[in-house]
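Structure data (mmCIF, C-alpha atoms and all ligand atoms) from entry_37.cif:
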```cif
data_entry
#
loop_
_atom_site.group_PDB
_atom_site.id
_atom_site.type_symbol
_atom_site.label_atom_id
_atom_site.label_comp_id
_atom_site.auth_asym_id
_atom_site.auth_seq_id
_atom_site.Cartn_x
_atom_site.Cartn_y
_atom_site.Cartn_z
ATOM 1 C CA MET A 26 194.500 68.629 9.657
ATOM 2 C CA THR A 27 192.787 65.709 11.390
ATOM 3 C CA ALA A 28 189.559 66.581 13.205
ATOM 4 C CA VAL A 29 188.961 64.865 16.534
ATOM 5 C CA ILE A 30 185.263 64.101 16.984
ATOM 6 C CA GLU A 31 183.723 62.754 20.176
ATOM 7 C CA THR A 32 180.010 62.480 19.438
ATOM 8 C CA ILE A 33 178.031 60.227 17.124
ATOM 9 C CA ALA A 34 175.982 63.178 15.857
ATOM 10 C CA ASP A 35 179.075 65.166 14.860
ATOM 11 C CA LEU A 36 180.661 62.150 13.168
ATOM 12 C CA ARG A 37 177.460 61.454 11.199
ATOM 13 C CA ALA A 38 177.316 65.093 10.127
ATOM 14 C CA ALA A 39 180.969 65.052 8.989
ATOM 15 C CA CYS A 40 180.446 61.836 6.983
ATOM 16 C CA ASP A 41 177.192 63.142 5.464
ATOM 17 C CA GLU A 42 178.990 66.300 4.377
ATOM 18 C CA ALA A 43 181.855 64.285 2.843
ATOM 19 C CA ARG A 44 179.436 62.034 0.960
ATOM 20 C CA GLY A 45 177.412 65.091 -0.117
ATOM 21 C CA ALA A 46 180.593 66.456 -1.685
ATOM 22 C CA GLY A 47 181.009 63.200 -3.612
ATOM 23 C CA ARG A 48 183.809 61.842 -1.426
ATOM 24 C CA ARG A 49 184.153 58.121 -0.739
ATOM 25 C CA VAL A 50 184.287 57.456 2.989
ATOM 26 C CA GLY A 51 186.768 54.886 4.358
ATOM 27 C CA LEU A 52 186.598 53.469 7.891
ATOM 28 C CA VAL A 53 189.533 52.156 9.919
ATOM 29 C CA PRO A 54 188.133 50.772 13.188
ATOM 30 C CA THR A 55 190.749 50.434 15.954
ATOM 31 C CA MET A 56 191.090 50.243 19.707
ATOM 32 C CA GLY A 57 193.925 52.774 19.595
ATOM 33 C CA TYR A 58 197.543 52.576 20.785
ATOM 34 C CA LEU A 59 198.306 52.676 17.095
ATOM 35 C CA HIS A 60 201.328 50.877 15.671
ATOM 36 C CA ALA A 61 202.715 50.383 12.163
ATOM 37 C CA GLY A 62 199.992 47.823 11.414
ATOM 38 C CA HIS A 63 197.261 50.381 12.092
ATOM 39 C CA ARG A 64 199.186 52.984 10.116
ATOM 40 C CA SER A 65 199.222 50.632 7.121
ATOM 41 C CA LEU A 66 195.414 50.368 7.356
ATOM 42 C CA ILE A 67 195.115 54.164 7.353
ATOM 43 C CA ARG A 68 197.446 54.362 4.346
ATOM 44 C CA ALA A 69 195.381 51.739 2.499
ATOM 45 C CA ALA A 70 192.256 53.779 3.276
ATOM 46 C CA ARG A 71 193.981 56.958 2.118
ATOM 47 C CA GLU A 72 194.918 55.329 -1.193
ATOM 48 C CA THR A 73 191.438 54.131 -2.095
ATOM 49 C CA THR A 74 188.986 56.479 -0.385
ATOM 50 C CA ASP A 75 188.710 60.272 -0.077
ATOM 51 C CA PHE A 76 187.591 60.786 3.527
ATOM 52 C CA VAL A 77 189.294 58.573 6.081
ATOM 53 C CA VAL A 78 187.722 58.028 9.494
ATOM 54 C CA VAL A 79 189.810 56.268 12.150
ATOM 55 C CA THR A 80 187.811 55.186 15.177
ATOM 56 C CA ILE A 81 189.581 54.731 18.493
ATOM 57 C CA PHE A 82 187.401 52.933 20.974
ATOM 58 C CA VAL A 83 188.369 50.286 23.506
ATOM 59 C CA ASN A 84 185.110 48.425 23.252
ATOM 60 C CA PRO A 85 184.015 46.998 26.619
ATOM 61 C CA LEU A 86 181.586 44.579 24.930
ATOM 62 C CA GLN A 87 184.411 42.499 23.497
ATOM 63 C CA PHE A 88 186.212 41.981 26.825
ATOM 64 C CA ALA A 89 185.001 39.363 29.296
ATOM 65 C CA PRO A 90 185.189 40.038 33.053
ATOM 66 C CA GLY A 91 188.778 39.431 34.151
ATOM 67 C CA GLU A 92 190.271 40.280 30.740
ATOM 68 C CA ASP A 93 192.499 43.301 30.142
ATOM 69 C CA LEU A 94 189.887 46.021 29.503
ATOM 70 C CA ASP A 95 191.139 48.273 32.307
ATOM 71 C CA ARG A 96 194.824 47.956 31.527
ATOM 72 C CA TYR A 97 194.498 47.903 27.709
ATOM 73 C CA PRO A 98 197.139 50.438 26.566
ATOM 74 C CA ARG A 99 195.800 53.872 25.664
ATOM 75 C CA ASP A 100 197.514 56.940 24.182
ATOM 76 C CA LEU A 101 195.020 59.238 22.493
ATOM 77 C CA GLU A 102 197.532 62.050 21.972
ATOM 78 C CA GLY A 103 199.997 59.721 20.220
ATOM 79 C CA ASP A 104 197.166 58.161 18.214
ATOM 80 C CA VAL A 105 195.936 61.541 16.949
ATOM 81 C CA ARG A 106 199.514 62.404 15.954
ATOM 82 C CA ALA A 107 199.839 59.097 14.061
ATOM 83 C CA CYS A 108 196.499 59.694 12.299
ATOM 84 C CA GLU A 109 197.613 63.186 11.337
ATOM 85 C CA GLU A 110 200.904 61.868 9.961
ATOM 86 C CA GLU A 111 199.054 59.257 7.893
ATOM 87 C CA GLY A 112 196.579 61.804 6.551
ATOM 88 C CA ALA A 113 193.357 60.646 8.236
ATOM 89 C CA ASP A 114 190.548 63.195 8.022
ATOM 90 C CA VAL A 115 188.812 62.301 11.278
ATOM 91 C CA VAL A 116 189.649 60.561 14.521
ATOM 92 C CA PHE A 117 186.498 59.412 16.274
ATOM 93 C CA ALA A 118 187.328 59.099 19.961
ATOM 94 C CA ALA A 119 184.025 58.657 21.726
ATOM 95 C CA PRO A 120 183.792 57.960 25.448
ATOM 96 C CA VAL A 121 182.004 54.750 26.458
ATOM 97 C CA ALA A 122 178.976 56.794 27.596
ATOM 98 C CA GLU A 123 178.604 58.170 24.055
ATOM 99 C CA MET A 124 178.792 54.764 22.363
ATOM 100 C CA TYR A 125 176.689 52.981 24.987
ATOM 101 C CA PRO A 126 174.605 55.592 26.862
ATOM 102 C CA LYS A 127 172.610 52.702 28.307
ATOM 103 C CA PRO A 128 173.638 49.051 28.574
ATOM 104 C CA PRO A 129 172.938 47.737 25.043
ATOM 105 C CA LYS A 130 170.395 44.938 24.813
ATOM 106 C CA THR A 131 171.208 44.241 21.175
ATOM 107 C CA ARG A 132 173.973 41.923 20.040
ATOM 108 C CA VAL A 133 175.032 41.154 16.495
ATOM 109 C CA SER A 134 176.154 37.547 16.525
ATOM 110 C CA VAL A 135 177.699 35.401 13.794
ATOM 111 C CA ALA A 136 177.163 31.709 14.513
ATOM 112 C CA ASP A 137 179.639 28.835 14.003
ATOM 113 C CA LEU A 138 182.559 30.920 12.715
ATOM 114 C CA THR A 139 182.913 32.368 16.214
ATOM 115 C CA ALA A 140 182.619 29.152 18.218
ATOM 116 C CA ASP A 141 186.150 27.861 17.820
ATOM 117 C CA LEU A 142 189.761 29.125 17.816
ATOM 118 C CA CYS A 143 189.711 32.460 19.695
ATOM 119 C CA GLY A 144 186.001 31.948 20.397
ATOM 120 C CA ARG A 145 186.808 28.925 22.542
ATOM 121 C CA ALA A 146 188.907 30.927 25.008
ATOM 122 C CA ARG A 147 186.827 34.101 24.569
ATOM 123 C CA PRO A 148 183.208 32.974 24.054
ATOM 124 C CA THR A 149 181.661 36.474 24.195
ATOM 125 C CA HIS A 150 184.430 38.269 22.316
ATOM 126 C CA PHE A 151 183.203 38.122 18.721
ATOM 127 C CA ASP A 152 179.644 39.178 19.586
ATOM 128 C CA GLY A 153 181.216 42.286 21.119
ATOM 129 C CA VAL A 154 183.293 42.864 17.990
ATOM 130 C CA THR A 155 180.443 42.410 15.499
ATOM 131 C CA THR A 156 178.111 44.546 17.611
ATOM 132 C CA VAL A 157 180.524 47.481 17.743
ATOM 133 C CA VAL A 158 181.595 47.092 14.103
ATOM 134 C CA ALA A 159 177.936 47.032 12.998
ATOM 135 C CA LYS A 160 177.359 50.165 15.076
ATOM 136 C CA LEU A 161 180.407 51.946 13.618
ATOM 137 C CA LEU A 162 179.371 50.995 10.073
ATOM 138 C CA SER A 163 175.917 52.341 10.785
ATOM 139 C CA ILE A 164 177.296 55.639 12.142
ATOM 140 C CA VAL A 165 179.961 56.220 9.488
ATOM 141 C CA GLY A 166 178.357 54.661 6.401
ATOM 142 C CA PRO A 167 181.698 53.958 4.694
ATOM 143 C CA CYS A 168 182.008 52.444 1.221
ATOM 144 C CA THR A 169 185.088 50.569 2.419
ATOM 145 C CA ALA A 170 186.235 49.350 5.850
ATOM 146 C CA PHE A 171 189.802 48.218 6.504
ATOM 147 C CA PHE A 172 190.844 45.423 8.872
ATOM 148 C CA GLY A 173 194.184 43.737 9.548
ATOM 149 C CA ARG A 174 194.736 40.153 8.435
ATOM 150 C CA LYS A 175 196.441 39.436 11.759
ATOM 151 C CA ASP A 176 192.962 39.049 13.259
ATOM 152 C CA ALA A 177 192.095 36.488 10.596
ATOM 153 C CA GLN A 178 189.097 35.061 12.437
ATOM 154 C CA GLN A 179 187.760 38.552 13.176
ATOM 155 C CA LEU A 180 188.100 39.430 9.488
ATOM 156 C CA ALA A 181 186.222 36.269 8.431
ATOM 157 C CA VAL A 182 183.488 36.980 10.992
ATOM 158 C CA VAL A 183 183.089 40.627 9.917
ATOM 159 C CA ARG A 184 182.988 39.601 6.245
ATOM 160 C CA ARG A 185 180.266 37.075 7.030
ATOM 161 C CA MET A 186 178.215 39.609 9.017
ATOM 162 C CA VAL A 187 178.426 42.129 6.164
ATOM 163 C CA ASP A 188 177.473 39.455 3.648
ATOM 164 C CA ASP A 189 174.598 37.979 5.680
ATOM 165 C CA LEU A 190 173.124 41.397 6.474
ATOM 166 C CA SER A 191 173.779 42.848 2.980
ATOM 167 C CA MET A 192 175.603 45.789 4.526
ATOM 168 C CA PRO A 193 176.629 48.233 1.788
ATOM 169 C CA VAL A 194 180.362 48.189 2.493
ATOM 170 C CA ASP A 195 183.452 46.523 1.016
ATOM 171 C CA VAL A 196 185.591 44.862 3.656
ATOM 172 C CA VAL A 197 189.298 45.002 2.826
ATOM 173 C CA GLY A 198 191.810 42.797 4.643
ATOM 174 C CA CYS A 199 195.274 44.392 4.822
ATOM 175 C CA PRO A 200 198.596 42.559 5.282
ATOM 176 C CA LEU A 201 199.756 41.584 8.746
ATOM 177 C CA VAL A 202 202.738 43.742 9.786
ATOM 178 C CA ARG A 203 205.647 42.238 11.739
ATOM 179 C CA GLU A 204 208.670 43.387 13.712
ATOM 180 C CA ALA A 205 212.020 42.717 12.006
ATOM 181 C CA ASP A 206 212.330 39.418 13.917
ATOM 182 C CA GLY A 207 208.867 38.319 12.800
ATOM 183 C CA LEU A 208 206.733 39.052 15.871
ATOM 184 C CA ALA A 209 203.294 40.191 14.671
ATOM 185 C CA LEU A 210 202.593 43.782 15.726
ATOM 186 C CA SER A 211 199.959 44.015 18.422
ATOM 187 C CA SER A 212 199.088 46.663 20.990
ATOM 188 C CA ARG A 213 199.312 43.828 23.542
ATOM 189 C CA ASN A 214 203.046 43.355 22.809
ATOM 190 C CA ALA A 215 203.457 46.298 25.213
ATOM 191 C CA TYR A 216 202.629 43.894 28.073
ATOM 192 C CA LEU A 217 205.582 41.561 27.353
ATOM 193 C CA SER A 218 208.648 41.431 29.600
ATOM 194 C CA HIS A 219 212.058 41.264 27.933
ATOM 195 C CA ASP A 220 212.178 37.464 28.207
ATOM 196 C CA GLN A 221 208.596 37.050 27.008
ATOM 197 C CA ARG A 222 209.303 39.335 24.056
ATOM 198 C CA GLU A 223 212.202 37.051 23.053
ATOM 199 C CA ALA A 224 210.156 33.892 23.513
ATOM 200 C CA ALA A 225 207.245 35.318 21.489
ATOM 201 C CA THR A 226 209.235 34.991 18.255
ATOM 202 C CA VAL A 227 208.491 31.260 18.409
ATOM 203 C CA LEU A 228 205.011 31.925 17.030
ATOM 204 C CA PHE A 229 206.196 33.209 13.656
ATOM 205 C CA GLU A 230 209.150 30.793 13.565
ATOM 206 C CA SER A 231 206.724 27.882 13.968
ATOM 207 C CA LEU A 232 204.285 29.235 11.387
ATOM 208 C CA ARG A 233 207.105 29.764 8.919
ATOM 209 C CA ALA A 234 208.475 26.259 9.446
ATOM 210 C CA ALA A 235 204.981 24.822 8.961
ATOM 211 C CA ALA A 236 204.493 26.888 5.788
ATOM 212 C CA ASP A 237 207.862 25.593 4.549
ATOM 213 C CA ALA A 238 206.709 22.022 5.199
ATOM 214 C CA VAL A 239 203.597 22.624 3.086
ATOM 215 C CA ALA A 240 205.720 24.229 0.354
ATOM 216 C CA GLY A 241 207.890 21.111 0.547
ATOM 217 C CA GLY A 242 204.886 18.890 -0.209
ATOM 218 C CA GLU A 243 203.283 18.080 3.170
ATOM 219 C CA ARG A 244 199.507 18.100 2.726
ATOM 220 C CA ASP A 245 198.249 16.352 5.866
ATOM 221 C CA ALA A 246 196.613 18.994 8.074
ATOM 222 C CA ALA A 247 197.015 17.011 11.317
ATOM 223 C CA THR A 248 200.754 16.562 10.689
ATOM 224 C CA VAL A 249 201.250 20.282 10.080
ATOM 225 C CA ALA A 250 199.156 21.210 13.153
ATOM 226 C CA GLU A 251 201.269 18.808 15.224
ATOM 227 C CA MET A 252 204.462 20.448 13.901
ATOM 228 C CA LEU A 253 203.132 23.826 14.992
ATOM 229 C CA ARG A 254 202.193 22.547 18.452
ATOM 230 C CA GLY A 255 205.512 20.744 18.922
ATOM 231 C CA SER A 256 207.680 23.737 18.142
ATOM 232 C CA ILE A 257 205.630 26.200 20.213
ATOM 233 C CA ALA A 258 205.450 23.810 23.180
ATOM 234 C CA ALA A 259 209.243 23.451 23.114
ATOM 235 C CA ARG A 260 209.714 27.144 23.999
ATOM 236 C CA ASP A 261 209.857 27.857 27.751
ATOM 237 C CA GLY A 262 207.286 30.321 29.023
ATOM 238 C CA VAL A 263 204.914 29.911 26.053
ATOM 239 C CA GLU A 264 201.650 28.086 26.695
ATOM 240 C CA ILE A 265 199.683 27.071 23.585
ATOM 241 C CA ASP A 266 196.040 28.062 23.419
ATOM 242 C CA TYR A 267 195.605 26.618 19.915
ATOM 243 C CA ALA A 268 197.679 25.769 16.850
ATOM 244 C CA GLU A 269 195.419 24.803 13.971
ATOM 245 C CA VAL A 270 195.165 24.335 10.235
ATOM 246 C CA ARG A 271 191.807 25.627 8.984
ATOM 247 C CA ASP A 272 189.841 26.612 5.922
ATOM 248 C CA ALA A 273 190.615 30.332 5.670
ATOM 249 C CA ALA A 274 187.055 31.528 4.991
ATOM 250 C CA GLU A 275 184.929 29.200 7.104
ATOM 251 C CA MET A 276 187.482 28.369 9.843
ATOM 252 C CA THR A 277 186.449 24.712 9.546
ATOM 253 C CA THR A 278 188.872 21.836 10.130
ATOM 254 C CA LEU A 279 190.610 20.193 7.172
ATOM 255 C CA ASP A 280 192.047 16.764 6.466
ATOM 256 C CA ARG A 281 194.057 17.747 3.402
ATOM 257 C CA ILE A 282 195.725 21.076 2.800
ATOM 258 C CA GLU A 283 194.386 22.526 -0.450
ATOM 259 C CA GLY A 284 192.868 25.870 -1.467
ATOM 260 C CA GLU A 285 192.855 28.863 0.919
ATOM 261 C CA VAL A 286 194.217 27.622 4.200
ATOM 262 C CA LEU A 287 194.999 29.350 7.480
ATOM 263 C CA LEU A 288 197.762 28.255 9.818
ATOM 264 C CA ALA A 289 196.624 29.922 13.042
ATOM 265 C CA VAL A 290 198.142 30.011 16.511
ATOM 266 C CA ALA A 291 197.326 31.574 19.868
ATOM 267 C CA ALA A 292 199.497 31.343 22.949
ATOM 268 C CA ARG A 293 199.856 32.801 26.405
ATOM 269 C CA LEU A 294 203.055 34.337 27.691
ATOM 270 C CA GLY A 295 202.242 34.915 31.334
ATOM 271 C CA GLU A 296 199.053 36.976 31.357
ATOM 272 C CA THR A 297 199.415 38.046 27.732
ATOM 273 C CA ARG A 298 197.582 36.198 24.974
ATOM 274 C CA LEU A 299 199.018 36.640 21.478
ATOM 275 C CA ILE A 300 197.719 35.405 18.127
ATOM 276 C CA ASP A 301 199.405 35.004 14.766
ATOM 277 C CA ASN A 302 198.744 33.346 11.428
ATOM 278 C CA VAL A 303 200.041 32.626 7.957
ATOM 279 C CA ARG A 304 197.643 32.196 5.073
ATOM 280 C CA LEU A 305 198.508 29.701 2.368
ATOM 281 C CA THR A 306 197.105 29.402 -1.120
ATOM 282 C CA VAL A 307 197.639 25.811 -2.203
ATOM 283 C CA ARG A 308 196.792 24.770 -5.760
ATOM 284 C CA GLY A 309 198.238 21.371 -6.522
ATOM 285 C CA ASP A 310 202.019 21.693 -6.200
ATOM 286 C CA THR A 311 201.960 25.470 -6.068
ATOM 287 C CA VAL A 312 202.012 27.022 -2.601
ATOM 288 C CA THR A 313 201.916 30.762 -1.945
ATOM 289 C CA ALA A 314 202.391 31.924 1.634
ATOM 290 C CA ASP A 315 201.133 35.281 2.918
ATOM 291 C CA LEU A 316 203.680 35.796 5.691
ATOM 292 C CA GLY A 317 202.876 39.478 6.190
ATOM 293 C CA THR A 318 205.264 42.417 5.852
ATOM 294 C CA GLY A 319 207.956 44.238 7.816
ATOM 295 C CA PHE A 320 210.109 41.325 8.944
ATOM 296 C CA ARG A 321 213.629 40.565 7.726
ATOM 297 C CA PRO A 322 213.185 37.617 5.352
ATOM 298 C CA ASP A 323 216.653 36.381 6.420
ATOM 299 C CA GLY A 324 215.819 36.884 10.103
ATOM 300 C CA ARG A 325 215.849 33.156 10.765
ATOM 301 C CA GLU A 326 218.845 31.437 12.240
HETATM 302 O O1 LIG B 401 190.597 44.737 15.890
HETATM 303 C C1 LIG B 401 190.249 45.601 16.730
HETATM 304 O O2 LIG B 401 191.026 46.501 17.110
HETATM 305 C C2 LIG B 401 188.841 45.568 17.299
HETATM 306 O O3 LIG B 401 188.416 44.262 17.483
HETATM 307 C C3 LIG B 401 187.840 46.365 16.466
HETATM 308 C C4 LIG B 401 187.653 45.796 15.074
HETATM 309 C C5 LIG B 401 188.305 47.822 16.360
HETATM 310 C C6 LIG B 401 186.473 46.362 17.153
HETATM 311 O O4 LIG B 401 186.544 46.903 18.421
#
```
Turn the structure described in the file into structure tokens.
Ligand code: PAF
Amino acid sequence: MTAVIETIADLRAACDEARGAGRRVGLVPTMGYLHAGHRSLIRAARETTDFVVVTIFVNPLQFAPGEDLDRYPRDLEGDVRACEEEGADVVFAAPVAEMYPKPPKTRVSVADLTADLCGRARPTHFDGVTTVVAKLLSIVGPCTAFFGRKDAQQLAVVRRMVDDLSMPVDVVGCPLVREADGLALSSRNAYLSHDQREAATVLFESLRAAADAVAGGERDAATVAEMLRGSIAARDGVEIDYAEVRDAAEMTTLDRIEGEVLLAVAARLGETRLIDNVRLTVRGDTVTADLGTGFRPDGRE
């Protein structure tokens, strides 16, 4: 049975009790409207920890004025059901007034890593993310926290915060989960019209073609970034925000593709902004691509 907890004090008490009984606490932070990607995080937490806390909080700090805070999809009942099915011990569903009883004056901010890519279009976003994640880590005190690799920049930023501040938690990045046709799962996919949903497949198609080019021997980062931009731009109704080839840990630009490399894209379909990525491990002639899970490998034309 999954307990639904709405106050910080009750959540702390539940986690203290679990730790007191020698159980390892796992944290899965989410903004709710859970899909198969979130479920895979809960399963990963279930496999490696003994007391799984899923937090469901649409965090106002990470939305700028004019973004989709008010219309962000919410379904607490469905989320609790999903958490129960996946064996979570606790759902933490605090109202905004519980998390931020007064406007917070403190921000946790990771420099540089947050300035580019999604940070360019959303300059206050990552400070909101790191502030709420730091707060959740401080409330829950998990030994392990689980994040999706779809938000690759977020994962790098959270890892850096934890490292810089010596926070006593292991951060685990879990595989990106896709629809059968390759579209990365996202709560924001719910915003897409039928035509936009069809057009959105161009993101993964482009990433896959670029990964194939690297596997075929292309090592010039600018050429691969240009390939990505060209194929996304060719799809009607899809407006590129960025299509980049970056160092996977530091998010810095690269000349040559070698080591841990991120092919990362963001695009707008109408009002909806989607992101996607493929991570490559390139060692000499050997290229391994982390394409994610869930899609039909033969789904390409
Ligand atoms: O990835 C998300 O859903 C959010 O950014 C997170 C990590 C739950 C913080 O609000």
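Residues in contact with ligand LIG 401 (chain B) comprise Pro54, Thr55, Met56, Asn84, Val154 and Val158 of chain A, where contact means an atom-to-atom distance of at most 6 Å counting only C-alpha atoms and all ligand atoms.
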### Message
Quick one: residues within 12 Å of Met186 (chain A), all atoms listed in the file, excluding same-chain residues fewer than 3 positions away - as a PyMOL selection string?
### Response
chain A and resi 133-139+151-152+154-159+162+179-183+189-196
Kindly assemble as a Markdown table a list of the region 218-316 of chain A residues that lie within 12 Å of region 198-208 of chain A, each paired with its nearest atom pair and their distance in Å to one decimal, using only C-alpha atoms, sorted first by chain and then by ascending residue number.
```
| residue | atom | partner | partner_atom | distance |
| --- | --- | --- | --- | --- |
| A:Gln221 | CA | A:Leu208 | CA | 11.5 |
| A:Arg222 | CA | A:Leu208 | CA | 8.6 |
| A:Glu223 | CA | A:Leu208 | CA | 9.2 |
| A:Ala224 | CA | A:Leu208 | CA | 9.8 |
| A:Ala225 | CA | A:Leu208 | CA | 6.8 |
| A:Thr226 | CA | A:Leu208 | CA | 5.3 |
| A:Val227 | CA | A:Leu208 | CA | 8.4 |
| A:Leu228 | CA | A:Leu208 | CA | 7.4 |
| A:Phe229 | CA | A:Gly207 | CA | 5.8 |
| A:Glu230 | CA | A:Gly207 | CA | 7.6 |
| A:Ser231 | CA | A:Gly207 | CA | 10.7 |
| A:Leu232 | CA | A:Gly207 | CA | 10.3 |
| A:Arg233 | CA | A:Gly207 | CA | 9.6 |
| A:Leu299 | CA | A:Leu208 | CA | 9.8 |
| A:Ile300 | CA | A:Leu208 | CA | 10.0 |
| A:Asp301 | CA | A:Leu208 | CA | 8.4 |
| A:Asn302 | CA | A:Leu201 | CA | 8.7 |
| A:Val303 | CA | A:Leu201 | CA | 9.0 |
| A:Arg304 | CA | A:Leu201 | CA | 10.3 |
| A:Ala314 | CA | A:Pro200 | CA | 11.9 |
| A:Asp315 | CA | A:Pro200 | CA | 8.1 |
| A:Leu316 | CA | A:Leu201 | CA | 7.6 |
```
#### Entry: Which of A:Thr27, A:Thr73, A:Thr149, A:Thr248 sits closest to Glu109 (chain A) [using all atoms listed in the file]
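Once distances to Glu109 (chain A) are computed over all atoms listed in the file, the minimum belongs to A:Thr27.
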#### Entry: Shell of 8 Å around region 278-294 of chain A, all atoms listed in the file, local chain residues under 3 positions omitted, as a PyMOL selection string
chain A and resi 143+217+221+225+228+232+236+244-247+250+262-274+297-309
Within 12 Å of file point (177.3, 60.3, 12.6), counting all atoms listed in the file, expressed as a PDB file with C-alpha atoms, in the coordinates of the input:
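Dumped everything to part08.pdb:
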```pdb
ATOM      1  CA  ILE A  30     185.263  64.101  16.984  1.00  0.00           C
ATOM      2  CA  GLU A  31     183.723  62.754  20.176  1.00  0.00           C
ATOM      3  CA  THR A  32     180.010  62.480  19.438  1.00  0.00           C
ATOM      4  CA  ILE A  33     178.031  60.227  17.124  1.00  0.00           C
ATOM      5  CA  ALA A  34     175.982  63.178  15.857  1.00  0.00           C
ATOM      6  CA  ASP A  35     179.075  65.166  14.860  1.00  0.00           C
ATOM      7  CA  LEU A  36     180.661  62.150  13.168  1.00  0.00           C
ATOM      8  CA  ARG A  37     177.460  61.454  11.199  1.00  0.00           C
ATOM      9  CA  ALA A  38     177.316  65.093  10.127  1.00  0.00           C
ATOM     10  CA  ALA A  39     180.969  65.052   8.989  1.00  0.00           C
ATOM     11  CA  CYS A  40     180.446  61.836   6.983  1.00  0.00           C
ATOM     12  CA  ASP A  41     177.192  63.142   5.464  1.00  0.00           C
ATOM     13  CA  GLU A  42     178.990  66.300   4.377  1.00  0.00           C
ATOM     14  CA  ALA A  43     181.855  64.285   2.843  1.00  0.00           C
ATOM     15  CA  ARG A  44     179.436  62.034   0.960  1.00  0.00           C
ATOM     16  CA  VAL A  78     187.722  58.028   9.494  1.00  0.00           C
ATOM     17  CA  THR A  80     187.811  55.186  15.177  1.00  0.00           C
ATOM     18  CA  VAL A 115     188.812  62.301  11.278  1.00  0.00           C
ATOM     19  CA  PHE A 117     186.498  59.412  16.274  1.00  0.00           C
ATOM     20  CA  ALA A 119     184.025  58.657  21.726  1.00  0.00           C
ATOM     21  CA  GLU A 123     178.604  58.170  24.055  1.00  0.00           C
ATOM     22  CA  MET A 124     178.792  54.764  22.363  1.00  0.00           C
ATOM     23  CA  LYS A 160     177.359  50.165  15.076  1.00  0.00           C
ATOM     24  CA  LEU A 161     180.407  51.946  13.618  1.00  0.00           C
ATOM     25  CA  LEU A 162     179.371  50.995  10.073  1.00  0.00           C
ATOM     26  CA  SER A 163     175.917  52.341  10.785  1.00  0.00           C
ATOM     27  CA  ILE A 164     177.296  55.639  12.142  1.00  0.00           C
ATOM     28  CA  VAL A 165     179.961  56.220   9.488  1.00  0.00           C
ATOM     29  CA  GLY A 166     178.357  54.661   6.401  1.00  0.00           C
ATOM     30  CA  PRO A 167     181.698  53.958   4.694  1.00  0.00           C
TER      31      PRO A 167
END
```
### Task
Report the distance between CA of Pro322 (chain A) and CA of Arg68 (chain A) in Å, rounded to one decimal place.
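Separation of CA of Pro322 (chain A) and CA of Arg68 (chain A): 23.0 Å.
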### Query
For Ala140 (chain A), which of A:Ala170, A:Cys108, A:Ala235, A:Met276 is the closest residue, counting all atoms listed in the file?
A:Met276
### Task
I would like the residues chosen by the PyMOL selection byres (((chain A and resi 110) around 12) and not hetatm) on the shown file; could you give them as a list in words?
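In the shown coordinates, the PyMOL selection byres (((chain A and resi 110) around 12) and not hetatm) covers Met26, Thr27, Leu59, Ala61, Arg64, Ser65, Ile67, Arg68, Arg71, Gly103, Asp104, Val105, Arg106, Ala107, Cys108, Glu109, Glu111, Gly112, Ala113 and Asp114 of chain A.
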#### Entry: Two-atom distance - CA of Tyr97 (chain A), CA of Glu296 (chain A) (Å)
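Going from CA of Tyr97 (chain A) over to CA of Glu296 (chain A), I get 12.4 Å.
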### Query
Which residues match the PyMOL selection byres (((chain A and resi 49) around 6) and not hetatm) in the file above, as a list of chain:residue names?
A:Arg48, A:Val50, A:Thr74, A:Asp75
